[in-house]
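Enquirer: My structure is stored as upload38.txt, with compact mmCIF, C-alpha atoms.
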# COMPACT_ATOMS: atom_id res chain seq x y z
CA MET Y 1 122.39 131.18 80.97
CA GLN Y 2 123.50 130.68 84.56
CA ILE Y 3 121.55 127.85 86.21
CA GLU Y 4 122.37 126.46 89.66
CA HIS Y 5 120.78 123.46 91.36
CA GLN Y 6 120.69 123.62 95.15
CA LEU Y 7 120.75 119.93 96.01
CA SER Y 8 119.39 118.58 99.27
CA GLU Y 9 118.18 115.31 100.74
CA ASP Y 10 114.58 116.56 100.68
CA GLU Y 11 113.03 114.79 97.68
CA SER Y 12 109.74 116.67 98.10
CA ALA Y 13 111.28 120.01 97.14
CA THR Y 14 113.76 121.14 94.51
CA VAL Y 15 115.43 124.56 94.30
CA ILE Y 16 116.88 125.82 91.03
CA ARG Y 17 118.32 129.31 90.64
CA ILE Y 18 118.02 130.77 87.15
CA GLU Y 19 119.75 133.96 86.15
CA GLY Y 20 117.36 136.71 85.06
CA LEU Y 21 114.15 134.95 86.09
CA GLU Y 22 111.17 137.31 85.91
CA ARG Y 23 109.90 136.19 89.33
CA ASP Y 24 110.16 133.27 91.71
CA LEU Y 25 107.94 130.32 90.79
CA ARG Y 26 106.51 127.28 92.58
CA ILE Y 27 105.60 124.33 90.35
CA LEU Y 28 103.93 121.17 91.66
CA HIS Y 29 105.03 117.82 90.21
CA VAL Y 30 102.92 114.71 90.86
CA THR Y 31 103.39 111.31 89.23
CA ASP Y 32 102.27 107.67 89.56
CA SER Y 33 99.12 107.98 91.67
CA HIS Y 34 97.62 104.86 90.01
CA MET Y 35 94.00 105.72 90.75
CA ALA Y 36 91.63 102.92 89.76
CA GLU Y 37 88.36 104.74 89.08
CA GLY Y 38 85.48 103.70 86.86
CA ASP Y 39 81.72 103.71 86.31
CA ASP Y 40 79.12 102.37 83.90
CA ARG Y 41 80.64 104.26 80.97
CA ASP Y 42 83.42 101.64 80.97
CA PRO Y 43 81.64 98.45 82.09
CA GLU Y 44 84.47 96.21 80.91
CA ALA Y 45 86.77 97.88 83.46
CA ALA Y 46 84.64 97.01 86.53
CA GLU Y 47 86.90 94.13 87.54
CA LEU Y 48 89.99 96.32 87.10
CA VAL Y 49 88.51 98.97 89.39
CA THR Y 50 88.04 96.41 92.14
CA ASP Y 51 91.31 94.54 91.62
CA PHE Y 52 93.76 97.39 91.17
CA GLY Y 53 91.93 99.63 93.61
CA ALA Y 54 92.53 97.05 96.33
CA ARG Y 55 96.15 96.41 95.29
CA PHE Y 56 97.20 100.02 95.46
CA ALA Y 57 95.18 100.77 98.61
CA GLU Y 58 97.49 98.28 100.32
CA ARG Y 59 100.41 100.56 99.41
CA THR Y 60 99.03 103.97 100.38
CA PRO Y 61 99.46 105.78 103.72
CA GLY Y 62 96.60 104.53 105.90
CA ASN Y 63 95.58 101.96 103.26
CA VAL Y 64 93.08 104.37 101.73
CA PRO Y 65 92.14 104.51 98.03
CA PRO Y 66 94.79 106.26 95.89
CA ARG Y 67 92.19 108.87 94.93
CA GLU Y 68 92.10 110.08 98.54
CA VAL Y 69 95.88 110.46 98.57
CA PHE Y 70 95.86 112.29 95.22
CA GLU Y 71 93.17 114.72 96.30
CA ALA Y 72 94.81 115.34 99.67
CA THR Y 73 98.17 116.02 98.01
CA LEU Y 74 96.73 118.56 95.59
CA THR Y 75 94.71 120.22 98.35
CA GLN Y 76 97.70 120.52 100.68
CA ARG Y 77 100.11 121.69 98.02
CA GLY Y 78 97.55 124.10 96.60
CA GLN Y 79 97.28 125.81 99.98
CA GLU Y 80 101.02 126.48 99.84
CA GLY Y 81 100.60 128.66 96.75
CA LEU Y 82 101.46 127.41 93.26
CA ASP Y 83 102.14 128.89 89.85
CA ALA Y 84 101.64 125.66 87.86
CA ALA Y 85 100.95 121.95 88.29
CA ILE Y 86 102.41 119.15 86.17
CA LEU Y 87 101.27 115.51 86.20
CA THR Y 88 103.68 113.04 84.58
CA GLY Y 89 101.70 109.91 84.00
CA ASP Y 90 100.22 106.84 85.62
CA ILE Y 91 97.97 109.16 87.57
CA ILE Y 92 95.27 106.68 86.62
CA HIS Y 93 95.86 102.96 86.21
CA PHE Y 94 93.69 102.73 83.08
CA PRO Y 95 91.87 105.29 80.90
CA ALA Y 96 88.32 105.03 82.25
CA TRP Y 97 86.26 108.21 81.86
CA LYS Y 98 85.68 108.44 85.62
CA GLY Y 99 89.40 108.64 86.36
CA LEU Y 100 89.87 111.35 83.75
CA GLU Y 101 87.05 113.34 85.35
CA VAL Y 102 88.67 113.05 88.78
CA ILE Y 103 91.92 114.47 87.38
CA GLY Y 104 90.18 117.33 85.59
CA GLU Y 105 88.10 118.29 88.61
CA ASN Y 106 91.11 118.39 90.93
CA LEU Y 107 93.23 120.39 88.49
CA ALA Y 108 90.35 122.85 88.09
CA ARG Y 109 90.27 123.34 91.86
CA LEU Y 110 93.97 124.24 91.85
CA ASP Y 111 93.17 126.97 89.31
CA VAL Y 112 96.72 127.26 87.94
CA PRO Y 113 98.19 126.44 84.50
CA SER Y 114 98.80 122.72 84.15
CA LEU Y 115 100.28 120.02 81.92
CA TYR Y 116 99.47 116.32 81.79
CA THR Y 117 101.65 113.77 80.06
CA LEU Y 118 100.79 110.09 79.88
CA GLY Y 119 102.40 107.10 81.54
CA ASN Y 120 102.36 103.52 80.33
CA HIS Y 121 99.24 102.75 82.40
CA ASP Y 122 97.16 105.87 81.68
CA TRP Y 123 96.14 104.72 78.21
CA HIS Y 124 96.06 100.93 78.71
CA PHE Y 125 93.23 98.69 79.85
CA ALA Y 126 94.74 95.39 81.00
CA TYR Y 127 92.41 93.39 78.75
CA LEU Y 128 93.78 95.11 75.60
CA PRO Y 129 97.13 94.67 73.83
CA TRP Y 130 99.91 96.94 75.06
CA SER Y 131 100.74 98.59 71.75
CA ASP Y 132 101.07 101.93 70.01
CA GLU Y 133 97.74 101.21 68.32
CA THR Y 134 96.03 100.92 71.71
CA ARG Y 135 97.66 104.16 72.86
CA GLN Y 136 96.54 106.02 69.74
CA ALA Y 137 93.01 104.66 70.14
CA HIS Y 138 92.78 106.16 73.63
CA TYR Y 139 94.61 109.44 72.94
CA PRO Y 140 91.30 111.29 72.27
CA ARG Y 141 90.18 110.66 75.85
CA PHE Y 142 93.09 112.84 77.02
CA HIS Y 143 92.53 115.78 74.67
CA ASP Y 144 90.86 117.96 77.30
CA LEU Y 145 93.78 117.44 79.68
CA THR Y 146 96.50 117.92 77.06
CA GLY Y 147 95.32 120.80 74.90
CA GLY Y 148 94.41 118.36 72.15
CA ASP Y 149 97.90 116.88 71.69
CA PRO Y 150 98.97 114.25 74.23
CA ALA Y 151 102.27 113.68 72.38
CA CYS Y 152 103.83 117.08 73.08
CA GLN Y 153 102.75 120.23 74.86
CA SER Y 154 104.18 123.35 76.46
CA ILE Y 155 103.04 126.31 78.52
CA GLN Y 156 104.84 129.46 79.63
CA VAL Y 157 104.74 130.60 83.24
CA GLY Y 158 106.72 133.58 84.47
CA GLY Y 159 109.04 133.51 81.47
CA VAL Y 160 109.79 129.78 81.88
CA ARG Y 161 108.76 127.17 79.31
CA LEU Y 162 107.34 123.97 80.77
CA ILE Y 163 107.56 121.19 78.18
CA ALA Y 164 105.85 117.79 78.29
CA LEU Y 165 106.57 114.83 76.01
CA ASP Y 166 104.79 111.47 76.04
CA ASN Y 167 107.51 108.80 76.21
CA SER Y 168 105.22 106.20 77.77
CA ASN Y 169 106.25 103.55 75.21
CA TYR Y 170 109.96 104.13 76.04
CA GLN Y 171 110.35 106.01 72.74
CA VAL Y 172 109.81 109.45 71.27
CA SER Y 173 109.04 110.29 67.66
CA GLU Y 174 110.83 112.57 65.21
CA ARG Y 175 107.99 115.06 65.62
CA GLN Y 176 108.46 115.12 69.37
CA VAL Y 177 112.22 115.65 69.06
CA GLU Y 178 111.65 118.51 66.62
CA PHE Y 179 109.06 120.00 68.99
CA LEU Y 180 111.61 119.85 71.82
CA ARG Y 181 114.28 121.49 69.65
CA GLN Y 182 111.93 124.31 68.73
CA GLU Y 183 110.93 124.91 72.34
CA LEU Y 184 114.57 125.03 73.43
CA ALA Y 185 115.40 127.36 70.53
CA SER Y 186 113.28 130.04 72.24
CA GLY Y 187 116.26 130.75 74.48
CA GLN Y 188 113.97 130.92 77.51
CA PRO Y 189 114.71 128.79 80.57
CA CYS Y 190 112.93 125.43 80.17
CA LEU Y 191 111.94 122.41 82.24
CA LEU Y 192 111.15 119.04 80.63
CA PHE Y 193 108.49 116.71 82.04
CA ILE Y 194 108.28 113.06 80.94
CA HIS Y 195 106.98 109.86 82.50
CA ILE Y 196 109.90 107.48 81.96
CA PRO Y 197 113.34 108.68 83.13
CA ILE Y 198 116.07 109.01 80.54
CA TRP Y 199 118.85 106.50 80.99
CA ILE Y 200 121.53 107.59 83.44
CA GLU Y 201 124.21 105.14 84.47
CA SER Y 202 123.92 106.00 88.16
CA LEU Y 203 120.16 105.37 88.15
CA THR Y 204 120.48 101.93 86.57
CA PRO Y 205 121.40 99.77 89.61
CA ALA Y 206 118.41 100.88 91.69
CA VAL Y 207 116.02 100.48 88.75
CA ILE Y 208 117.24 96.97 87.99
CA GLU Y 209 117.15 96.00 91.66
CA MET Y 210 113.47 96.96 91.86
CA TRP Y 211 112.22 95.99 88.41
CA LYS Y 212 114.78 93.42 87.15
CA ALA Y 213 115.08 95.46 83.96
CA PRO Y 214 116.52 98.88 82.98
CA ILE Y 215 113.11 100.51 82.46
CA MET Y 216 114.45 103.89 81.33
CA MET Y 217 114.43 105.66 77.97
CA GLY Y 218 117.53 105.46 75.82
CA PRO Y 219 120.87 103.66 75.81
CA SER Y 220 121.37 100.64 78.06
CA ASP Y 221 123.32 97.40 77.74
CA ASP Y 222 121.35 95.77 80.55
CA TRP Y 223 118.29 94.57 78.66
CA THR Y 224 117.90 90.86 77.92
CA ASP Y 225 115.72 89.26 75.26
CA GLU Y 226 113.38 88.17 78.03
CA THR Y 227 113.02 91.60 79.65
CA ARG Y 228 112.63 93.33 76.28
CA GLU Y 229 109.72 91.02 75.53
CA GLN Y 230 108.25 91.47 79.00
CA TRP Y 231 108.35 95.28 78.86
CA LYS Y 232 107.68 95.53 75.10
CA VAL Y 233 110.88 97.48 74.46
CA PRO Y 234 112.45 95.98 71.31
CA GLY Y 235 115.22 98.59 71.19
CA ASN Y 236 115.85 102.31 70.83
CA ASP Y 237 114.27 104.04 67.86
CA GLU Y 238 116.48 106.45 65.93
CA ALA Y 239 114.48 109.42 67.21
CA THR Y 240 114.83 108.17 70.79
CA LEU Y 241 118.60 107.98 70.45
CA ALA Y 242 118.62 111.49 68.94
CA CYS Y 243 116.57 112.80 71.86
CA HIS Y 244 118.85 111.19 74.44
CA GLU Y 245 121.89 112.64 72.70
CA LEU Y 246 120.28 116.08 72.52
CA LEU Y 247 119.53 116.05 76.24
CA THR Y 248 122.87 114.68 77.40
CA SER Y 249 125.30 116.41 75.05
CA GLY Y 250 123.41 118.72 72.68
CA ASN Y 251 122.73 122.44 72.68
CA THR Y 252 120.42 122.46 75.69
CA GLY Y 253 122.05 125.01 77.97
CA ASN Y 254 118.71 126.64 78.75
CA LEU Y 255 117.11 123.35 79.86
CA ALA Y 256 117.24 123.64 83.63
CA GLY Y 257 116.17 120.09 84.48
CA ILE Y 258 114.15 116.97 83.73
CA PHE Y 259 111.31 115.73 85.96
CA CYS Y 260 109.77 112.25 85.72
CA GLY Y 261 108.46 109.22 87.61
CA HIS Y 262 107.65 105.63 86.54
CA VAL Y 263 110.15 103.71 88.69
CA HIS Y 264 108.32 104.30 91.99
CA PHE Y 265 111.19 105.77 93.99
CA ALA Y 266 112.83 109.17 94.25
CA HIS Y 267 116.22 109.82 92.68
CA THR Y 268 118.33 112.83 91.77
CA ASP Y 269 121.45 112.88 89.63
CA ALA Y 270 123.11 114.78 86.81
CA TYR Y 271 122.39 113.75 83.23
CA ARG Y 272 125.10 116.18 82.10
CA GLU Y 273 127.36 118.62 83.90
CA GLY Y 274 125.32 121.08 85.93
CA ARG Y 275 121.93 119.68 84.88
CA TYR Y 276 119.87 117.20 86.88
CA GLN Y 277 117.10 114.69 86.38
CA TYR Y 278 114.65 114.45 89.28
CA VAL Y 279 112.59 111.29 89.69
CA THR Y 280 109.69 112.03 92.03
CA ALA Y 281 108.34 109.48 94.52
CA PRO Y 282 105.01 107.88 93.53
CA GLY Y 283 101.82 109.71 94.29
CA PHE Y 284 100.05 106.64 95.70
CA GLY Y 285 102.63 106.68 98.50
CA GLY Y 286 102.03 110.36 99.20
CA GLY Y 287 104.95 111.52 97.07
CA SER Y 288 105.06 114.86 95.28
CA ARG Y 289 107.61 117.55 94.59
CA VAL Y 290 107.44 121.35 94.58
CA ILE Y 291 109.96 122.88 92.20
CA HIS Y 292 111.13 126.28 93.46
CA LEU Y 293 112.56 128.41 90.67
CA LYS Y 294 114.38 131.41 92.04
CA GLY Y 295 116.13 134.34 90.42
CA GLY Y 296 119.86 133.94 90.32
CA ASP Y 297 120.88 137.59 90.33
Could you render the structure as structure tokens?
Expert:
Amino acid sequence: MQIEHQLSEDESATVIRIEGLERDLRILHVTDSHMAEGDDRDPEAAELVTDFGARFAERTPGNVPPREVFEATLTQRGQEGLDAAILTGDIIHFPAWKGLEVIGENLARLDVPSLYTLGNHDWHFAYLPWSDETRQAHYPRFHDLTGGDPACQSIQVGGVRLIALDNSNYQVSERQVEFLRQELASGQPCLLFIHIPIWIESLTPAVIEMWKAPIMMGPSDDWTDETREQWKVPGNDEATLACHELLTSGNTGNLAGIFCGHVHFAHTDAYREGRYQYVTAPGFGGGSRVIHLKGGD
């Protein structure tokens, strides 16, 4: 399958030409909006709403609540005409019911197929342990946004498979890797959406400069015992290593690209020859990306 990335300095738009595409497509990617919404259904989160709402408002254009930026982004991009919308995590800063409602209402207004995959903040209230048990306990809150399976999902739009995997704990499971293999085995052109970028050597310096740790998924020699404890990343699970190997050197010729967020800056680089990972700028800062898929004939 002939796939060509037309690289540019514009991090708000990506153009990929795919041989034999049924029709041109426009896919919206938004990540890391960090909305801090809540109401009396989650009374324990009241302090978090106030605290994190104020913190992120200091970092938005015009110092407005992140919800205003999120809604304005979806409204503006929706007016441009879309075929799908994908949200890759940390759209909310904790899993209060109010925040989930805001997401659902705004996606409904777009009225296009959508995917939602979780980030490390979506499922975590700051007063609870950051653990897989906590994530599993809050998974049911996301069932309406994820088709009942937050771990792995896919939709087809215009002959293209859009795949989402939850790697918000820096790992993926054997089931998720098998799901990815089966999706790729369709032979259709595919895009992969995750929250945490896969490890790429060229991305590492900027990530470490900002976060003092290599907060990516997969191989890295730059972790220390202290940063592993801080970020709760004890190492790479076997399935995580298998996934990284599949993406970077396996039979994934029909995977056109990877789209993610998490690190709060935009970045584009190849994860293997001819295939690129696109990190989108954070939504709270007004960042978003429209992926233009064009026929390559």
Enquirer: Around the point (120.0, 111.9, 91.3) in the file's coordinates, collect all residues with an atom within 12 Å, using only C-alpha atoms, and return them as a PyMOL selection string.
Expert: chain Y and resi 5+7-11+14+197-204+206+257-260+265-272+274-280
Enquirer: Quick one: write out the picked residues with C-alpha atoms as an mmCIF file, keeping the file's coordinate frame?
Expert:
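again15.cif, freshly written:
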data_model
loop_
_atom_site.group_PDB
_atom_site.id
_atom_site.type_symbol
_atom_site.label_atom_id
_atom_site.label_comp_id
_atom_site.auth_asym_id
_atom_site.auth_seq_id
_atom_site.Cartn_x
_atom_site.Cartn_y
_atom_site.Cartn_z
ATOM 1 C CA HIS Y 5 120.780 123.460 91.360
ATOM 2 C CA LEU Y 7 120.750 119.930 96.010
ATOM 3 C CA SER Y 8 119.390 118.580 99.270
ATOM 4 C CA GLU Y 9 118.180 115.310 100.740
ATOM 5 C CA ASP Y 10 114.580 116.560 100.680
ATOM 6 C CA GLU Y 11 113.030 114.790 97.680
ATOM 7 C CA THR Y 14 113.760 121.140 94.510
ATOM 8 C CA PRO Y 197 113.340 108.680 83.130
ATOM 9 C CA ILE Y 198 116.070 109.010 80.540
ATOM 10 C CA TRP Y 199 118.850 106.500 80.990
ATOM 11 C CA ILE Y 200 121.530 107.590 83.440
ATOM 12 C CA GLU Y 201 124.210 105.140 84.470
ATOM 13 C CA SER Y 202 123.920 106.000 88.160
ATOM 14 C CA LEU Y 203 120.160 105.370 88.150
ATOM 15 C CA THR Y 204 120.480 101.930 86.570
ATOM 16 C CA ALA Y 206 118.410 100.880 91.690
ATOM 17 C CA GLY Y 257 116.170 120.090 84.480
ATOM 18 C CA ILE Y 258 114.150 116.970 83.730
ATOM 19 C CA PHE Y 259 111.310 115.730 85.960
ATOM 20 C CA CYS Y 260 109.770 112.250 85.720
ATOM 21 C CA PHE Y 265 111.190 105.770 93.990
ATOM 22 C CA ALA Y 266 112.830 109.170 94.250
ATOM 23 C CA HIS Y 267 116.220 109.820 92.680
ATOM 24 C CA THR Y 268 118.330 112.830 91.770
ATOM 25 C CA ASP Y 269 121.450 112.880 89.630
ATOM 26 C CA ALA Y 270 123.110 114.780 86.810
ATOM 27 C CA TYR Y 271 122.390 113.750 83.230
ATOM 28 C CA ARG Y 272 125.100 116.180 82.100
ATOM 29 C CA GLY Y 274 125.320 121.080 85.930
ATOM 30 C CA ARG Y 275 121.930 119.680 84.880
ATOM 31 C CA TYR Y 276 119.870 117.200 86.880
ATOM 32 C CA GLN Y 277 117.100 114.690 86.380
ATOM 33 C CA TYR Y 278 114.650 114.450 89.280
ATOM 34 C CA VAL Y 279 112.590 111.290 89.690
ATOM 35 C CA THR Y 280 109.690 112.030 92.030
#
Enquirer: Rounded to one decimal place, report the CA of Gln2 (chain Y)-CA of Gly20 (chain Y) distance in Å.
Expert: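 The value is 8.6 Å.
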Enquirer: If I put a ball of radius 10 Å at (112.0, 107.2, 66.3) in the file's coordinates, which residues poke into it when counting all atoms listed in the file, written as a PDB file with C-alpha atoms, keeping the file's coordinate frame?
Expert:
ATOM      1  CA  GLN Y 171     110.350 106.010  72.740  1.00  0.00           C
ATOM      2  CA  VAL Y 172     109.810 109.450  71.270  1.00  0.00           C
ATOM      3  CA  SER Y 173     109.040 110.290  67.660  1.00  0.00           C
ATOM      4  CA  GLU Y 174     110.830 112.570  65.210  1.00  0.00           C
ATOM      5  CA  ARG Y 175     107.990 115.060  65.620  1.00  0.00           C
ATOM      6  CA  GLN Y 176     108.460 115.120  69.370  1.00  0.00           C
ATOM      7  CA  VAL Y 177     112.220 115.650  69.060  1.00  0.00           C
ATOM      8  CA  ASN Y 236     115.850 102.310  70.830  1.00  0.00           C
ATOM      9  CA  ASP Y 237     114.270 104.040  67.860  1.00  0.00           C
ATOM     10  CA  GLU Y 238     116.480 106.450  65.930  1.00  0.00           C
ATOM     11  CA  ALA Y 239     114.480 109.420  67.210  1.00  0.00           C
ATOM     12  CA  THR Y 240     114.830 108.170  70.790  1.00  0.00           C
ATOM     13  CA  LEU Y 241     118.600 107.980  70.450  1.00  0.00           C
ATOM     14  CA  ALA Y 242     118.620 111.490  68.940  1.00  0.00           C
ATOM     15  CA  CYS Y 243     116.570 112.800  71.860  1.00  0.00           C
TER      16      CYS Y 243
END
Enquirer: Smallest atom-to-atom distance to Gly78 (chain Y): which of Y:Leu247, Y:Asp111, Y:Glu19, Y:Phe56, using only C-alpha atoms?
Expert: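 Distance minimum relative to Gly78 (chain Y) lands on Y:Asp111.
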Enquirer: Taking all atoms listed in the file into account, which of Y:Pro95, Y:Pro205, Y:Pro189, Y:Pro113 comes nearest Glu44 (chain Y)?
Expert: Y:Pro95
Enquirer: Using all atoms listed in the file, can you tell me which of Y:Val49, Y:Leu118, Y:His124, Y:Ile3 comes closest to Ile16 (chain Y)?
Expert: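 Going through Y:Val49, Y:Leu118, Y:His124, Y:Ile3 one by one, the smallest distance to Ile16 (chain Y) is for Y:Ile3.
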Enquirer: I'd like the neighbourhood of Val102 (chain Y) as a PyMOL selection string, where a residue qualifies if any of its atoms comes within 12 Å (using all atoms listed in the file), though same-chain residues fewer than 5 positions away should be ignored.
Expert: chain Y and resi 33+35-39+66-68+70-71+74+91-92+95-97+107-109+145
Enquirer: Here is a test: counting all atoms listed in the file, which residue of Y:Gly285, Y:Val64, Y:Pro214, Y:Gly187 is nearest to Asn251 (chain Y)?
Expert: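 Result for the nearest residue to Asn251 (chain Y): Y:Gly187.
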Enquirer: Using all atoms listed in the file, find the one residue out of Y:Gln182, Y:Ser168, Y:Ser249, Y:Thr31 that sits nearest to Gly119 (chain Y).
Expert: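 Among the listed residues, the smallest separation from Gly119 (chain Y) belongs to Y:Ser168.
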Enquirer: Would you give the centre and edge lengths, in Å to one decimal, of a box along x, y and z around the listed atoms of region 185-191 of chain Y, with 5 Å added to each side, as JSON?
Expert:
{"center_x": 114.1, "center_y": 126.7, "center_z": 76.4, "size_x": 14.3, "size_y": 18.5, "size_z": 21.7}
Enquirer: Between CA of Lys212 (chain Y) and CA of Asp51 (chain Y), what is the distance in Å, rounded to a tenth?
Expert: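 So the two atoms, CA of Lys212 (chain Y) and CA of Asp51 (chain Y), lie 23.9 Å apart.
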Enquirer: Have a look at CA of Gln188 (chain Y) and CA of Glu245 (chain Y) and let me know their distance in Å, one decimal.
Expert: 20.5 Å
Enquirer: Got a sec: who's within 7 Å of Tyr116 (chain Y), counting only C-alpha atoms, leaving out chain neighbours fewer than 6 positions off, as a PyMOL selection string?
Expert: chain Y and resi 86-88+145-146
Enquirer: I'd like to know which of Y:Ala213, Y:Leu255, Y:Trp231, Y:Asp144 is closest to Gly104 (chain Y), using only C-alpha atoms.
Expert: Y:Asp144
Enquirer: Excluding Leu184 (chain Y) and its own-chain neighbours fewer than 2 positions away, which residues fall within 12 Å of it when counting all atoms listed in the file? Please give them as a PyMOL selection string.
Expert: chain Y and resi 154+160-163+177-182+186-192+246-247+250-256
Enquirer: Excluding Thr117 (chain Y) and residues on its chain fewer than 5 positions from it, collect all residues at most 8 Å away from it, counting all atoms listed in the file, and give them as a PyMOL selection string.
Expert: chain Y and resi 87-89+146+150-151+164-166+193-195
Enquirer: If you keep N, CA, C and O atoms, can you output region 74-90 of chain Y as a compact mmCIF listing (two decimals), in the first residue's frame?
Expert:
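Result file selection13.txt:
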# COMPACT_ATOMS: atom_id res chain seq x y z
N LEU Y 74 -14.11 22.55 19.10
CA LEU Y 74 -15.00 21.64 18.40
C LEU Y 74 -15.99 22.39 17.52
O LEU Y 74 -16.31 21.95 16.40
N THR Y 75 -16.46 23.54 17.98
CA THR Y 75 -17.39 24.33 17.16
C THR Y 75 -16.70 24.82 15.89
O THR Y 75 -17.23 24.68 14.77
N GLN Y 76 -15.51 25.40 16.04
CA GLN Y 76 -14.79 25.92 14.89
C GLN Y 76 -14.43 24.82 13.90
O GLN Y 76 -14.68 24.94 12.69
N ARG Y 77 -13.86 23.74 14.41
CA ARG Y 77 -13.46 22.65 13.52
C ARG Y 77 -14.67 21.98 12.88
O ARG Y 77 -14.61 21.53 11.73
N GLY Y 78 -15.76 21.89 13.62
CA GLY Y 78 -16.96 21.29 13.06
C GLY Y 78 -17.50 22.07 11.89
O GLY Y 78 -18.05 21.49 10.93
N GLN Y 79 -17.35 23.39 11.91
CA GLN Y 79 -17.81 24.22 10.81
C GLN Y 79 -16.98 24.03 9.55
O GLN Y 79 -17.42 24.38 8.45
N GLU Y 80 -15.79 23.46 9.71
CA GLU Y 80 -14.92 23.22 8.56
C GLU Y 80 -15.29 21.95 7.81
O GLU Y 80 -14.79 21.70 6.72
N GLY Y 81 -16.16 21.13 8.40
CA GLY Y 81 -16.57 19.88 7.78
C GLY Y 81 -15.67 18.73 8.17
O GLY Y 81 -14.48 18.74 7.86
N LEU Y 82 -16.21 17.76 8.90
CA LEU Y 82 -15.44 16.64 9.40
C LEU Y 82 -16.11 15.32 9.05
O LEU Y 82 -17.32 15.25 8.87
N ASP Y 83 -15.29 14.27 8.99
CA ASP Y 83 -15.81 12.92 8.79
C ASP Y 83 -15.74 12.09 10.06
O ASP Y 83 -16.40 11.06 10.17
N ALA Y 84 -14.91 12.49 11.03
CA ALA Y 84 -14.78 11.79 12.30
C ALA Y 84 -14.06 12.70 13.28
O ALA Y 84 -13.39 13.66 12.88
N ALA Y 85 -14.20 12.37 14.57
CA ALA Y 85 -13.51 13.12 15.62
C ALA Y 85 -12.94 12.12 16.62
O ALA Y 85 -13.65 11.21 17.06
N ILE Y 86 -11.67 12.30 16.98
CA ILE Y 86 -11.00 11.39 17.89
C ILE Y 86 -10.41 12.19 19.05
O ILE Y 86 -9.68 13.17 18.83
N LEU Y 87 -10.71 11.77 20.27
CA LEU Y 87 -10.18 12.40 21.48
C LEU Y 87 -9.24 11.41 22.15
O LEU Y 87 -9.63 10.28 22.45
N THR Y 88 -7.98 11.85 22.39
CA THR Y 88 -6.98 10.90 22.91
C THR Y 88 -6.54 11.22 24.34
O THR Y 88 -5.36 11.27 24.64
N GLY Y 89 -7.49 11.41 25.20
CA GLY Y 89 -7.18 11.39 26.61
C GLY Y 89 -6.83 12.69 27.28
O GLY Y 89 -6.43 13.67 26.65
N ASP Y 90 -6.99 12.69 28.60
CA ASP Y 90 -6.84 13.87 29.44
C ASP Y 90 -7.72 15.02 28.95
O ASP Y 90 -7.38 16.19 29.13
